[in-house]
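Novice: Quick one, entry_23.pdb (PDB, C-alpha atoms and all ligand atoms):
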```pdb
ATOM      1  CA  MET A 390      -1.305  79.073 133.362
ATOM      2  CA  SER A 391      -1.152  79.481 137.160
ATOM      3  CA  THR A 392       1.456  81.572 138.965
ATOM      4  CA  LEU A 393       2.951  81.064 142.395
ATOM      5  CA  THR A 394       2.226  83.930 144.814
ATOM      6  CA  ALA A 395       3.279  84.406 148.434
ATOM      7  CA  CYS A 396       0.802  85.779 150.977
ATOM      8  CA  HIS A 397       2.077  89.079 152.480
ATOM      9  CA  GLU A 398       0.556  88.186 155.866
ATOM     10  CA  CYS A 399       1.424  84.510 156.457
ATOM     11  CA  ASP A 400       3.945  83.697 153.656
ATOM     12  CA  LEU A 401       1.844  80.803 152.317
ATOM     13  CA  LEU A 402       2.701  80.012 148.691
ATOM     14  CA  THR A 403      -0.416  79.642 146.546
ATOM     15  CA  HIS A 404      -0.907  78.751 142.881
ATOM     16  CA  LEU A 405      -3.051  81.524 141.387
ATOM     17  CA  PRO A 406      -5.145  80.792 138.301
ATOM     18  CA  PRO A 407      -5.648  83.649 135.772
ATOM     19  CA  LEU A 408      -8.196  86.026 137.334
ATOM     20  CA  PRO A 409     -11.242  87.444 135.548
ATOM     21  CA  ALA A 410     -11.636  91.256 135.258
ATOM     22  CA  HIS A 411     -12.385  92.776 138.702
ATOM     23  CA  GLY A 412     -11.719  89.346 140.252
ATOM     24  CA  ALA A 413      -9.836  88.938 143.530
ATOM     25  CA  ALA A 414      -7.841  86.101 145.093
ATOM     26  CA  TYR A 415      -7.582  85.551 148.853
ATOM     27  CA  CYS A 416      -5.134  83.502 150.887
ATOM     28  CA  PRO A 417      -6.671  80.075 151.679
ATOM     29  CA  ARG A 418      -5.000  80.024 155.122
ATOM     30  CA  CYS A 419      -5.472  83.540 156.591
ATOM     31  CA  GLY A 420      -8.009  85.092 154.195
ATOM     32  CA  SER A 421      -5.836  88.131 153.294
ATOM     33  CA  LEU A 422      -6.214  89.676 149.865
ATOM     34  CA  LEU A 423      -3.492  88.322 147.545
ATOM     35  CA  VAL A 424      -4.277  90.151 144.292
ATOM     36  CA  ARG A 425      -7.195  92.054 142.801
ATOM     37  CA  SER A 426      -7.284  92.236 139.012
ATOM     38  CA  LYS A 427      -8.001  95.583 137.383
ATOM     39  CA  ALA A 428      -9.948  95.722 134.115
ATOM     40  CA  ASN A 429      -8.037  96.981 131.030
ATOM     41  CA  SER A 430      -5.113  97.838 133.290
ATOM     42  CA  ILE A 431      -2.464  97.849 130.545
ATOM     43  CA  GLU A 432      -4.517  99.968 128.110
ATOM     44  CA  ARG A 433      -5.552 102.536 130.744
ATOM     45  CA  SER A 434      -2.052 102.749 132.251
ATOM     46  CA  LEU A 435      -0.568 103.192 128.773
ATOM     47  CA  ALA A 436      -2.972 106.063 128.006
ATOM     48  CA  LEU A 437      -2.029 107.761 131.286
ATOM     49  CA  VAL A 438       1.711 107.232 130.674
ATOM     50  CA  LEU A 439       1.363 108.934 127.265
ATOM     51  CA  ALA A 440      -0.601 111.815 128.829
ATOM     52  CA  SER A 441       2.056 112.120 131.561
ATOM     53  CA  LEU A 442       4.880 112.224 129.008
ATOM     54  CA  ILE A 443       3.154 115.040 127.082
ATOM     55  CA  LEU A 444       2.573 116.985 130.318
ATOM     56  CA  PHE A 445       6.204 116.358 131.322
ATOM     57  CA  CYS A 446       7.458 117.798 128.000
ATOM     58  CA  ILE A 447       5.309 120.908 128.581
ATOM     59  CA  ALA A 448       6.472 121.124 132.217
ATOM     60  CA  ILE A 449      10.176 121.209 131.340
ATOM     61  CA  SER A 450       9.915 123.318 128.167
ATOM     62  CA  PHE A 451       7.798 126.284 129.261
ATOM     63  CA  PRO A 452       8.324 128.916 132.004
ATOM     64  CA  PHE A 453       7.568 127.646 135.485
ATOM     65  CA  LEU A 454       7.241 130.969 137.282
ATOM     66  CA  ALA A 455       7.587 134.645 136.448
ATOM     67  CA  MET A 456       8.601 137.014 139.233
ATOM     68  CA  LYS A 457       8.194 140.763 138.954
ATOM     69  CA  THR A 458       9.782 143.061 141.515
ATOM     70  CA  GLY A 459      10.742 146.729 141.138
ATOM     71  CA  GLY A 460      10.225 146.763 137.353
ATOM     72  CA  LEU A 461      12.421 143.699 136.922
ATOM     73  CA  GLU A 462      10.802 140.544 135.597
ATOM     74  CA  GLN A 463      12.489 137.158 135.702
ATOM     75  CA  GLN A 464      11.182 133.935 134.210
ATOM     76  CA  THR A 465      12.400 130.545 135.231
ATOM     77  CA  THR A 466      11.924 127.052 133.874
ATOM     78  CA  LEU A 467      12.361 123.818 135.798
ATOM     79  CA  ILE A 468      15.830 123.229 134.296
ATOM     80  CA  THR A 469      17.065 126.812 134.848
ATOM     81  CA  GLY A 470      15.711 126.590 138.429
ATOM     82  CA  VAL A 471      17.902 123.546 139.062
ATOM     83  CA  TRP A 472      20.867 125.287 137.417
ATOM     84  CA  LEU A 473      20.319 128.411 139.588
ATOM     85  CA  LEU A 474      20.363 126.253 142.729
ATOM     86  CA  TYR A 475      23.615 124.677 141.507
ATOM     87  CA  THR A 476      25.332 127.989 140.722
ATOM     88  CA  GLN A 477      24.242 129.469 144.064
ATOM     89  CA  GLY A 478      26.165 126.796 145.945
ATOM     90  CA  MET A 479      23.269 124.450 146.720
ATOM     91  CA  LYS A 480      24.728 121.573 144.725
ATOM     92  CA  GLY A 481      23.246 118.807 146.893
ATOM     93  CA  LEU A 482      19.742 120.278 146.675
ATOM     94  CA  ALA A 483      20.109 120.846 142.911
ATOM     95  CA  THR A 484      21.097 117.183 142.460
ATOM     96  CA  VAL A 485      18.174 115.947 144.594
ATOM     97  CA  VAL A 486      15.679 118.094 142.641
ATOM     98  CA  LEU A 487      17.186 117.019 139.311
ATOM     99  CA  LEU A 488      16.988 113.331 140.227
ATOM    100  CA  THR A 489      13.639 113.150 142.053
ATOM    101  CA  CYS A 490      11.671 115.656 139.966
ATOM    102  CA  ILE A 491      13.133 115.317 136.483
ATOM    103  CA  LEU A 492      15.300 112.246 135.831
ATOM    104  CA  PHE A 493      13.594 109.523 137.916
ATOM    105  CA  PRO A 494      10.042 110.461 136.787
ATOM    106  CA  LEU A 495      11.270 110.622 133.170
ATOM    107  CA  PHE A 496      12.999 107.200 133.406
ATOM    108  CA  GLN A 497       9.889 105.790 135.015
ATOM    109  CA  MET A 498       7.509 107.104 132.337
ATOM    110  CA  ALA A 499       9.809 106.150 129.435
ATOM    111  CA  GLY A 500      10.364 102.710 130.995
ATOM    112  CA  LEU A 501       6.640 102.093 131.427
ATOM    113  CA  LEU A 502       6.062 103.095 127.811
ATOM    114  CA  TYR A 503       8.831 100.673 126.765
ATOM    115  CA  VAL A 504       7.239  97.805 128.730
ATOM    116  CA  LEU A 505       3.513  98.500 128.225
ATOM    117  CA  LEU A 506       3.393  99.536 124.561
ATOM    118  CA  PRO A 507       4.646  96.142 123.238
ATOM    119  CA  LEU A 508       2.321  94.348 125.714
ATOM    120  CA  TYR A 509      -0.597  96.305 124.252
ATOM    121  CA  PHE A 510       0.344  94.849 120.834
ATOM    122  CA  LYS A 511       0.691  91.369 122.399
ATOM    123  CA  CYS A 512       4.463  91.201 122.149
ATOM    124  CA  ARG A 513       7.363  91.790 124.525
ATOM    125  CA  ALA A 514      10.244  94.282 124.401
ATOM    126  CA  PRO A 515      13.800  92.944 124.920
ATOM    127  CA  PHE A 516      14.828  93.033 128.612
ATOM    128  CA  ALA A 517      11.253  94.104 129.520
ATOM    129  CA  MET A 518      11.275  92.144 132.793
ATOM    130  CA  ARG A 519      14.504  93.773 133.929
ATOM    131  CA  ALA A 520      13.174  97.205 132.890
ATOM    132  CA  PHE A 521       9.917  96.674 134.797
ATOM    133  CA  ARG A 522      11.850  95.608 137.925
ATOM    134  CA  VAL A 523      13.963  98.810 137.727
ATOM    135  CA  ILE A 524      10.804 100.922 137.244
ATOM    136  CA  GLN A 525       9.275  99.442 140.393
ATOM    137  CA  HIS A 526      12.458 100.187 142.366
ATOM    138  CA  LEU A 527      12.499 103.775 141.055
ATOM    139  CA  GLN A 528       8.890 104.523 141.976
ATOM    140  CA  PRO A 529       9.490 105.625 145.605
ATOM    141  CA  TRP A 530      12.207 108.026 144.378
ATOM    142  CA  SER A 531       9.852 109.960 142.136
ATOM    143  CA  MET A 532       8.853 112.872 144.372
ATOM    144  CA  MET A 533       7.140 115.415 142.151
ATOM    145  CA  GLU A 534       4.378 116.008 144.712
ATOM    146  CA  VAL A 535       6.927 116.944 147.415
ATOM    147  CA  PHE A 536       8.467 119.444 144.991
ATOM    148  CA  MET A 537       5.002 120.837 144.148
ATOM    149  CA  LEU A 538       4.246 121.289 147.854
ATOM    150  CA  GLY A 539       7.537 123.171 148.277
ATOM    151  CA  ILE A 540       6.675 125.417 145.330
ATOM    152  CA  LEU A 541       3.229 126.216 146.776
ATOM    153  CA  VAL A 542       4.711 127.126 150.169
ATOM    154  CA  SER A 543       7.351 129.367 148.557
ATOM    155  CA  LEU A 544       4.686 130.965 146.307
ATOM    156  CA  VAL A 545       2.706 132.030 149.390
ATOM    157  CA  LYS A 546       5.876 133.439 151.015
ATOM    158  CA  LEU A 547       7.129 135.167 147.850
ATOM    159  CA  ALA A 548       3.737 136.745 147.154
ATOM    160  CA  GLU A 549       4.511 139.340 149.865
ATOM    161  CA  LEU A 550       7.821 140.349 148.228
ATOM    162  CA  ALA A 551       7.111 140.211 144.505
ATOM    163  CA  VAL A 552       4.371 139.659 141.956
ATOM    164  CA  VAL A 553       4.558 135.961 141.164
ATOM    165  CA  THR A 554       2.830 134.650 138.035
ATOM    166  CA  PRO A 555       2.543 130.880 137.658
ATOM    167  CA  GLY A 556       3.578 129.731 134.183
ATOM    168  CA  ILE A 557       2.031 127.062 131.951
ATOM    169  CA  SER A 558       4.668 124.613 133.186
ATOM    170  CA  LEU A 559       3.397 124.874 136.775
ATOM    171  CA  TRP A 560      -0.122 123.853 135.676
ATOM    172  CA  ALA A 561       1.280 121.004 133.567
ATOM    173  CA  PHE A 562       3.335 119.855 136.542
ATOM    174  CA  ALA A 563       0.270 119.939 138.820
ATOM    175  CA  LEU A 564      -1.732 117.856 136.292
ATOM    176  CA  LEU A 565       1.219 115.498 135.919
ATOM    177  CA  ILE A 566       1.001 114.593 139.613
ATOM    178  CA  PHE A 567      -2.615 113.494 139.122
ATOM    179  CA  THR A 568      -1.947 111.505 135.920
ATOM    180  CA  THR A 569       1.020 109.667 137.475
ATOM    181  CA  ALA A 570      -0.950 108.935 140.671
ATOM    182  CA  ALA A 571      -3.881 107.600 138.608
ATOM    183  CA  GLN A 572      -1.505 105.524 136.468
ATOM    184  CA  THR A 573       0.124 104.000 139.582
ATOM    185  CA  ALA A 574      -3.311 103.167 141.009
ATOM    186  CA  LEU A 575      -4.558 101.619 137.750
ATOM    187  CA  LEU A 576      -1.487  99.559 136.874
ATOM    188  CA  ASP A 577      -2.016  95.908 137.752
ATOM    189  CA  THR A 578       1.588  94.797 138.330
ATOM    190  CA  HIS A 579       0.512  91.167 138.721
ATOM    191  CA  GLN A 580      -1.084  91.269 135.256
ATOM    192  CA  VAL A 581       2.043  92.865 133.764
ATOM    193  CA  TRP A 582       4.307  90.196 135.324
ATOM    194  CA  GLU A 583       1.974  87.483 134.044
ATOM    195  CA  ALA A 584       2.091  88.950 130.512
ATOM    196  CA  LEU A 585       5.892  89.297 130.678
ATOM    197  CA  GLU A 586       6.371  85.729 131.900
ATOM    198  CA  VAL A 587       4.477  84.146 128.973
ATOM    199  CA  PRO A 588       7.091  82.097 127.047
ATOM    200  CA  ASP A 589       8.118  83.386 123.606
ATOM    201  CA  GLY A 590       5.916  82.265 120.752
ATOM    202  CA  SER A 591       2.807  81.606 122.858
ATOM    203  CA  THR A 592       1.387  85.141 122.694
TER     204      THR A 592
HETATM  205 ZN    ZN B   1      -2.078  84.189 154.256
END
```
Output the structure of this file as structure tokens.

Specialist:
Amino acid sequence: MSTLTACHECDLLTHLPPLPAHGAAYCPRCGSLLVRSKANSIERSLALVLASLILFCIAISFPFLAMKTGGLEQQTTLITGVWLLYTQGMKGLATVVLLTCILFPLFQMAGLLYVLLPLYFKCRAPFAMRAFRVIQHLQPWSMMEVFMLGILVSLVKLAELAVVTPGISLWAFALLIFTTAAQTALLDTHQVWEALEVPDGST
């Protein structure tokens, strides 16, 4: 089955045949790369999504930071951190952190699991195409690495005022950034769309 693909450079519509593993297709008019297939993309992405979900559970369940100053020790988790921002009057910031660091990444990981797991077993989840489209729209709004950068900057500044101990959640969060980045790089969206577009009964 061939699919119709538009060239990003010159807008030429081309019928693409199914590509072999590591194969690439180029535009016949301008020579730009149209798609490059990635071997075992669905299996590898699925494994990384599962790893990311486990790391995410650790990241939101365990203490993120422990601060010790003047004999007083305070532990905070990701959720209590957001709640503290909210109660201290920074409602906008609390909402942004909640959405971009907790809810959007969680929706994205759960959505990918919902779409990829049935594809791994050669079937298709209901509304999978719609879910995959939403996941792709959500991707730019997942900003865990920006949050991590902010945490690192504040850690350096706070180190002068108090003894700051990173918790297990901070390490899980740092690993999570790598697993999600690897998953995004490995996911062959063209292959997923192709698998989702196969008519019912022919898989
Ligand atoms: Zn072209």

Novice: Name the residues, by chain letter and number, that sit within 10 Å of ligand ZN 1 (chain B) using all atoms listed in the file, and give them as a ChimeraX atom specification.

Specialist: /A:395-403,415-423

Novice: I need the residue set behind the PyMOL selection byres (((chain A and resi 542-554) around 8) and not hetatm) for this file; please write it as JSON, numbers by chain.

Specialist: {"A": [454, 455, 456, 457, 458, 538, 539, 540, 541, 555, 556]}

Novice: Given only C-alpha atoms as the basis, pick out the residue of A:Ala520, A:Ser441, A:Leu482, A:Gly412 nearest to Tyr503 (chain A).

Specialist: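 Smallest distance to Tyr503 (chain A) is found for A:Ala520.
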
Novice: When the PyMOL selection byres (((chain A and resi 491) around 9) and not hetatm) is applied to the structure above, which residues does it catch, written out as a PyMOL selection string?

Specialist: chain A and resi 445+449+467-468+486-490+492-496+531+533

Novice: List every protein, DNA or RNA residue that has at least one atom no more than 10 Å from (-9.1, 91.0, 139.3) in the file's coordinates, counting only C-alpha atoms, and write the result as a PyMOL selection string.

Specialist: chain A and resi 407-414+424-428+430+577+579-580

Novice: Going by the chain IDs and residue numbers used in this file, which residues fall under the PyMOL selection byres (((chain A and resi 393) around 6) and not hetatm)? Write them as a PyMOL selection string.

Specialist: chain A and resi 392+394+403-404

Novice: May I ask for the distance between CA of Tyr509 (chain A) and CA of Phe562 (chain A), given in Å to one decimal place?

Specialist: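 For CA of Tyr509 (chain A) relative to CA of Phe562 (chain A), the distance reads 26.9 Å.
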
Novice: Interatomic distance between CA of Ala563 (chain A) and CA of Phe536 (chain A)?

Specialist: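 Between CA of Ala563 (chain A) and CA of Phe536 (chain A) the gap works out to 10.3 Å.
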
Novice: Box in all listed atoms of region 532-535 of chain A, axis-aligned, with 4 Å more on each side; write out centre and edge lengths in Å to one decimal as JSON.

Specialist:
```
{"center_x": 6.6, "center_y": 114.9, "center_z": 144.8, "size_x": 12.5, "size_y": 12.1, "size_z": 13.3}
```
